[in-house]
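Coordinates from start26.tsv are shown below (TSV, C-alpha atoms).
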```tsv
chain	number	residue	atom	x	y	z
D	1	MET	CA	5.72	-16.18	-9.32
D	2	LYS	CA	6.60	-12.51	-9.02
D	3	ILE	CA	4.44	-9.69	-7.66
D	4	LEU	CA	4.19	-6.32	-9.41
D	5	LYS	CA	3.06	-3.30	-7.43
D	6	ILE	CA	1.97	-0.26	-9.40
D	7	LYS	CA	0.60	3.12	-8.34
D	8	LEU	CA	-1.49	4.94	-10.91
D	9	PHE	CA	-3.12	8.36	-11.19
D	10	GLN	CA	-6.06	9.39	-13.37
D	11	GLU	CA	-7.37	12.94	-13.55
D	12	THR	CA	-10.79	11.59	-14.47
D	13	ALA	CA	-12.14	8.06	-14.94
D	14	CYS	CA	-15.38	6.20	-15.58
D	15	TYR	CA	-15.37	2.46	-14.88
D	16	LYS	CA	-18.77	1.86	-16.41
D	17	LYS	CA	-21.13	-0.64	-14.82
D	18	PRO	CA	-22.66	-3.20	-17.20
D	19	PHE	CA	-26.22	-2.55	-18.34
D	20	ALA	CA	-26.05	1.11	-17.27
D	21	PHE	CA	-27.31	2.65	-20.51
D	22	LYS	CA	-29.41	5.72	-19.80
D	23	VAL	CA	-27.00	6.81	-17.07
D	24	ALA	CA	-23.38	5.66	-17.29
D	25	GLU	CA	-22.75	4.80	-13.67
D	26	THR	CA	-19.19	4.13	-12.54
D	27	TYR	CA	-17.71	1.68	-10.09
D	28	PRO	CA	-15.70	3.39	-7.31
D	29	LEU	CA	-12.62	1.42	-8.36
D	30	PRO	CA	-11.84	-0.35	-11.63
D	31	PRO	CA	-13.19	-3.92	-11.73
D	32	TYR	CA	-10.78	-6.82	-12.15
D	33	SER	CA	-11.67	-7.34	-15.82
D	34	THR	CA	-10.73	-3.74	-16.65
D	35	VAL	CA	-7.32	-4.01	-14.98
D	36	ILE	CA	-6.67	-7.43	-16.55
D	37	GLY	CA	-7.46	-5.90	-19.92
D	38	MET	CA	-5.03	-3.04	-19.32
D	39	PHE	CA	-2.20	-5.42	-18.42
D	40	HIS	CA	-2.89	-7.58	-21.48
D	41	LYS	CA	-2.79	-4.53	-23.71
D	42	ILE	CA	0.53	-3.48	-22.15
D	43	ILE	CA	1.99	-6.95	-22.68
D	44	GLY	CA	0.81	-6.96	-26.29
D	45	ALA	CA	-1.47	-9.98	-25.99
D	46	LYS	CA	-3.13	-11.17	-29.19
D	47	SER	CA	-6.89	-11.54	-29.58
D	48	GLY	CA	-8.07	-14.48	-27.49
D	49	GLU	CA	-4.73	-14.80	-25.70
D	50	TYR	CA	-4.86	-14.86	-21.89
D	51	PHE	CA	-2.07	-14.80	-19.31
D	52	PRO	CA	-3.24	-15.96	-15.85
D	53	MET	CA	-2.82	-13.36	-13.12
D	54	ASN	CA	-4.13	-12.55	-9.66
D	55	LEU	CA	-5.06	-9.02	-8.59
D	56	SER	CA	-5.62	-6.81	-5.57
D	57	ILE	CA	-7.22	-3.42	-6.29
D	58	GLN	CA	-7.49	-0.46	-3.94
D	59	GLY	CA	-7.31	3.32	-4.12
D	60	GLU	CA	-9.21	6.55	-3.57
D	61	TYR	CA	-10.75	9.47	-5.45
D	62	GLU	CA	-11.37	13.12	-4.61
D	63	SER	CA	-14.99	13.42	-5.76
D	64	ILE	CA	-17.54	12.27	-8.30
D	65	PHE	CA	-19.24	14.47	-10.89
D	66	SER	CA	-21.54	14.15	-13.89
D	67	ASN	CA	-21.47	15.46	-17.42
D	68	TYR	CA	-23.43	14.91	-20.59
D	69	GLN	CA	-22.14	13.05	-23.62
D	70	ASN	CA	-23.83	12.26	-26.89
D	71	LEU	CA	-24.52	8.52	-27.16
D	72	ARG	CA	-24.78	7.15	-30.70
D	73	MET	CA	-26.79	3.97	-31.20
D	74	TYR	CA	-26.96	1.84	-34.32
D	75	LYS	CA	-30.38	0.40	-35.16
D	76	GLY	CA	-29.40	-1.55	-38.25
D	77	LYS	CA	-29.70	-0.85	-41.97
D	78	GLY	CA	-27.38	2.10	-41.54
D	79	GLN	CA	-29.69	3.93	-39.17
D	80	VAL	CA	-28.01	5.91	-36.41
D	81	THR	CA	-29.73	7.74	-33.58
D	82	ALA	CA	-28.25	9.86	-30.82
D	83	MET	CA	-29.30	10.90	-27.35
D	84	PRO	CA	-27.63	12.80	-24.49
D	85	ARG	CA	-26.51	10.60	-21.64
D	86	ASN	CA	-25.48	11.46	-18.11
D	87	VAL	CA	-21.99	10.08	-17.40
D	88	HIS	CA	-20.66	9.70	-13.87
D	89	GLN	CA	-16.93	10.34	-13.55
D	90	LEU	CA	-14.40	10.11	-10.74
D	91	LEU	CA	-12.01	13.01	-10.18
D	92	ASN	CA	-8.33	12.66	-9.21
D	93	VAL	CA	-8.14	8.90	-8.84
D	94	ASN	CA	-5.16	7.25	-7.13
D	95	LEU	CA	-4.85	3.48	-7.44
D	96	VAL	CA	-2.65	0.86	-5.80
D	97	ILE	CA	-2.68	-2.39	-7.72
D	98	HIS	CA	-0.86	-5.62	-6.89
D	99	MET	CA	-0.56	-8.20	-9.67
D	100	LYS	CA	0.88	-11.71	-9.35
D	101	ALA	CA	1.74	-13.83	-12.39
D	102	GLU	CA	4.47	-15.98	-13.91
D	103	ASP	CA	7.89	-14.34	-13.77
D	104	SER	CA	8.09	-13.83	-17.54
D	105	VAL	CA	4.69	-12.10	-17.61
D	106	VAL	CA	5.54	-9.74	-14.75
D	107	ASP	CA	8.96	-8.94	-16.26
D	108	LYS	CA	7.46	-8.14	-19.67
D	109	ILE	CA	4.78	-5.86	-18.23
D	110	TYR	CA	7.34	-4.10	-16.04
D	111	ASN	CA	9.78	-3.57	-18.94
D	112	ASN	CA	7.07	-2.45	-21.36
D	113	ILE	CA	5.90	0.19	-18.88
D	114	ILE	CA	9.40	1.40	-18.01
D	115	GLN	CA	10.59	1.48	-21.62
D	116	GLY	CA	7.29	2.14	-23.35
D	117	LYS	CA	6.49	5.34	-25.20
D	118	GLU	CA	2.73	4.78	-25.38
D	119	THR	CA	0.09	6.31	-23.16
D	120	PHE	CA	-1.94	3.91	-21.06
D	121	THR	CA	-5.66	4.02	-20.37
D	122	LEU	CA	-7.88	2.38	-17.77
D	123	GLY	CA	-11.64	2.43	-18.23
D	124	ARG	CA	-12.62	4.36	-21.35
D	125	ASN	CA	-10.19	5.15	-24.15
D	126	GLU	CA	-10.02	8.77	-22.96
D	127	ASP	CA	-9.20	7.85	-19.33
D	128	LEU	CA	-5.44	8.28	-19.45
D	129	VAL	CA	-3.18	6.80	-16.78
D	130	ARG	CA	-0.05	8.27	-15.21
D	131	VAL	CA	2.31	5.73	-13.67
D	132	ASP	CA	3.58	7.21	-10.40
D	133	ASP	CA	5.45	4.16	-9.12
D	134	ILE	CA	6.17	0.64	-10.28
D	135	LYS	CA	8.26	-2.09	-8.67
D	136	ILE	CA	8.60	-5.81	-8.23
D	137	ILE	CA	8.17	-6.61	-4.55
D	138	GLY	CA	9.01	-9.51	-2.29
D	139	GLU	CA	6.68	-12.11	-0.86
D	140	PRO	CA	4.04	-10.49	1.40
D	141	GLN	CA	3.66	-11.54	5.03
D	142	MET	CA	0.53	-12.47	6.92
D	143	VAL	CA	-0.28	-10.04	9.73
D	144	GLU	CA	-2.92	-10.23	12.44
D	145	GLY	CA	-4.70	-7.74	14.63
D	146	ASN	CA	-6.73	-4.60	14.09
D	147	ILE	CA	-6.80	-4.41	10.29
D	148	ILE	CA	-7.70	-0.89	9.13
D	149	ASN	CA	-6.83	-0.11	5.52
D	150	ARG	CA	-5.42	3.23	4.33
D	151	TYR	CA	-7.29	2.98	0.98
D	152	ASP	CA	-10.74	2.10	-0.28
D	153	ALA	CA	-10.54	-1.51	-1.41
D	154	TYR	CA	-12.28	-4.43	-3.04
D	155	ILE	CA	-12.17	-7.24	-0.48
D	156	PRO	CA	-13.34	-10.62	-1.81
D	157	VAL	CA	-15.89	-12.25	0.46
D	158	HIS	CA	-13.93	-15.53	0.40
D	159	LEU	CA	-11.44	-13.79	2.69
D	160	GLU	CA	-14.16	-12.93	5.20
D	161	ASP	CA	-17.90	-12.95	4.47
D	162	GLU	CA	-18.78	-10.86	7.54
D	163	ILE	CA	-17.07	-7.74	6.22
D	164	THR	CA	-19.20	-4.60	6.23
D	165	GLY	CA	-19.23	-2.85	2.87
D	166	ILE	CA	-21.04	-2.43	-0.45
D	167	ASN	CA	-21.66	-5.67	-2.32
D	168	TYR	CA	-20.45	-6.00	-5.90
D	169	ARG	CA	-20.21	-8.96	-8.24
D	170	LEU	CA	-17.30	-8.09	-10.50
D	171	ASN	CA	-16.27	-9.53	-13.85
D	172	THR	CA	-12.86	-11.18	-13.99
D	173	THR	CA	-12.15	-13.25	-17.13
D	174	TYR	CA	-14.35	-14.69	-19.86
D	175	ILE	CA	-14.72	-17.46	-22.41
D	176	ILE	CA	-16.51	-17.26	-25.75
D	177	GLU	CA	-19.64	-19.38	-26.11
D	178	GLU	CA	-21.84	-19.04	-29.23
D	179	ASP	CA	-20.07	-15.79	-30.11
D	180	LEU	CA	-20.91	-14.29	-26.70
D	181	ARG	CA	-18.66	-13.55	-23.73
D	182	LYS	CA	-19.43	-15.67	-20.68
D	183	TRP	CA	-17.88	-13.96	-17.66
D	184	ASP	CA	-16.47	-15.46	-14.51
D	185	LYS	CA	-17.35	-13.28	-11.54
D	186	VAL	CA	-16.20	-12.77	-7.98
D	187	ASP	CA	-18.21	-11.46	-5.04
D	188	VAL	CA	-16.51	-8.60	-3.19
D	189	LYS	CA	-17.21	-5.92	-0.63
D	190	TYR	CA	-16.19	-2.37	-1.41
D	191	VAL	CA	-14.83	-1.15	1.92
D	192	GLU	CA	-13.98	2.51	2.48
D	193	LYS	CA	-10.61	3.49	3.90
D	194	HIS	CA	-9.97	3.87	7.62
D	195	SER	CA	-12.96	1.67	8.47
D	196	GLN	CA	-12.89	-1.43	10.65
D	197	GLN	CA	-13.14	-4.23	8.14
D	198	GLY	CA	-13.71	-7.24	10.38
D	199	LEU	CA	-10.60	-9.02	9.09
D	200	GLU	CA	-8.45	-10.77	11.66
D	201	GLU	CA	-5.51	-11.42	9.34
D	202	VAL	CA	-4.38	-10.19	5.95
D	203	LEU	CA	-1.36	-10.18	3.67
D	204	GLN	CA	0.87	-7.11	3.91
D	205	ASP	CA	3.63	-6.04	1.53
D	206	GLU	CA	7.05	-4.67	2.44
D	207	GLU	CA	5.75	-1.07	2.32
D	208	GLY	CA	2.92	-1.72	4.75
D	209	ASP	CA	0.09	-1.90	2.20
D	210	TYR	CA	-2.40	-4.74	2.45
D	211	ILE	CA	-3.12	-7.21	-0.36
D	212	PHE	CA	-6.55	-8.71	-1.04
D	213	TRP	CA	-6.12	-11.30	-3.80
D	214	TYR	CA	-9.36	-12.01	-5.64
D	215	GLN	CA	-8.46	-15.68	-6.12
```

Could you quickly redo this structure as structure tokens?
Amino acid sequence: MKILKIKLFQETACYKKPFAFKVAETYPLPPYSTVIGMFHKIIGAKSGEYFPMNLSIQGEYESIFSNYQNLRMYKGKGQVTAMPRNVHQLLNVNLVIHMKAEDSVVDKIYNNIIQGKETFTLGRNEDLVRVDDIKIIGEPQMVEGNIINRYDAYIPVHLEDEITGINYRLNTTYIIEEDLRKWDKVDVKYVEKHSQQGLEEVLQDEEGDYIFWYQ
């Protein structure tokens, strides 16, 4: 399997939390399901087609702000109602994403990004992505010692359940049951950069960035 490392920038982004209707709250980083969806769109996956992949997601943002958008809701029988909704958005988002998958999958994603003429989005359709760096990297090495990350990160609790951070249960992939999506989830801690994470060992890539695989 190959590992793709990609650095992305978004001027604004909203990674909406499920069931946040009256106020569109955002996660501090995109959840795994959102990034998996982006990669599948880049690869040109068909409806219902899934390519297995593992992810590590980290990054940072400058600030968070709110604005109002008009939310349209359909009540059936052609009835439409609208209401203003407060939307939380992140400003100047930088992301570092590692993705591991079969060689053919990684190669196709890499080539489609390098050669592609489309714009990419992550989060909402209006949350455009700029690709600042993309490369296929070598096998990461396990390092030990005082692990202090340079980015905010999702750290799965299966790596270390004593980590101090904000608890999230993030969607990953889903199956369809009775016409509904049934999500697999993973428990993580959102750990802010430059904090002591409580990890004694972690994978590190050739550029010195850590990797926190969700599975």

Set the distance at 12 Å and use only C-alpha atoms: which residues neighbour region 164-179 of chain D once local chain neighbours fewer than 3 positions away are removed? I'd like the list as a VMD selection string. chain D and resid 15 to 18 27 to 37 40 47 to 57 152 to 157 160 to 161 182 to 193 195 to 199 214 to 215

With all atoms listed in the file as the atoms that count, which of D:Ile109, D:Glu126, D:Ala24, D:Gln89 lies nearest to Asn70 (chain D)? D:Ala24

Would you please work out which residue, of D:Ile211, D:Ile136, D:Leu95, D:Ile43, is nearest to Ile113 (chain D) when using only C-alpha atoms?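 Smallest distance to Ile113 (chain D) is found for D:Ile43.
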
Best match for closeness to Gln10 (chain D) among D:Val93, D:Val105, D:Leu122, D:Leu180, counting only C-alpha atoms: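 Looking only at the distances to Gln10 (chain D), the closest residue turns out to be D:Val93.
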
Go ahead and fit an axis-aligned box to every listed atom of region 195-205 of chain D plus 3 Å each side, and pass me the centre and edge lengths in Å, one decimal, as AutoDock Vina command-line options.
```
--center_x -5.0 --center_y -4.9 --center_z 6.6 --size_x 23.3 --size_y 19.1 --size_z 16.1
```

Return the single residue from D:Ile114, D:Ala101, D:Val202, D:Ala82 that is closest to Asn149 (chain D), with distances computed using all atoms listed in the file.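 Using all atoms listed in the file, Asn149 (chain D) sits closest to D:Val202.
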
Residues within 12 Å of Ser63 (chain D), all atoms listed in the file, excluding chain neighbours under 4 positions, as a list in words: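 Contacts, in chain order: Glu11, Thr12, Ala13, Pro28, His88, Gln89, Leu90, Leu91, Asn92, Val93 and Asn94 of chain D.
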
Give as a PyMOL selection string every residue, naming chains and numbers as the document does, that has an atom within 10 Å of (-0.5, -3.0, -23.8), counting all atoms listed in the file. chain D and resi 37-45+109+112-113+116+118-121

D:Lys5, D:Lys46, D:His194, D:Lys77: which is nearest Lys135 (chain D), counting only C-alpha atoms?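 Distance minimum relative to Lys135 (chain D) lands on D:Lys5.
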
Figure out the distance between CA of Ile97 (chain D) and CA of Asp209 (chain D), please, to one decimal in Å.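 Answer for the CA of Asp209 (chain D) to CA of Ile97 (chain D) separation: 10.3 Å.
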
Between CA of Arg85 (chain D) and CA of Ser66 (chain D), what is the distance, to one decimal in Å?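 Between CA of Arg85 (chain D) and CA of Ser66 (chain D) the gap works out to 9.9 Å.
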
Residue nearest Gln204 (chain D) among D:Ile147, D:Ile163, D:Val80, D:Ile64 (counting all atoms listed in the file):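 Going through D:Ile147, D:Ile163, D:Val80, D:Ile64 one by one, the smallest distance to Gln204 (chain D) is for D:Ile147.
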
What does the structure give for the distance between CA of Cys14 (chain D) and CA of Met83 (chain D), in Å to one decimal?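 That distance, rounded to one decimal, is 18.8 Å.
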
Which residues come within 7 Å of Gln69 (chain D), counting only C-alpha atoms, excluding same-chain residues fewer than 6 positions away, as an MDAnalysis selection string? chainID D and resid 84:87

Show me, as an MDAnalysis selection string, the residues that have an atom within 7 Å of Leu8 (chain D) when counting all atoms listed in the file, minus same-chain residues fewer than 5 positions from it. chainID D and resid 94:96 129:132
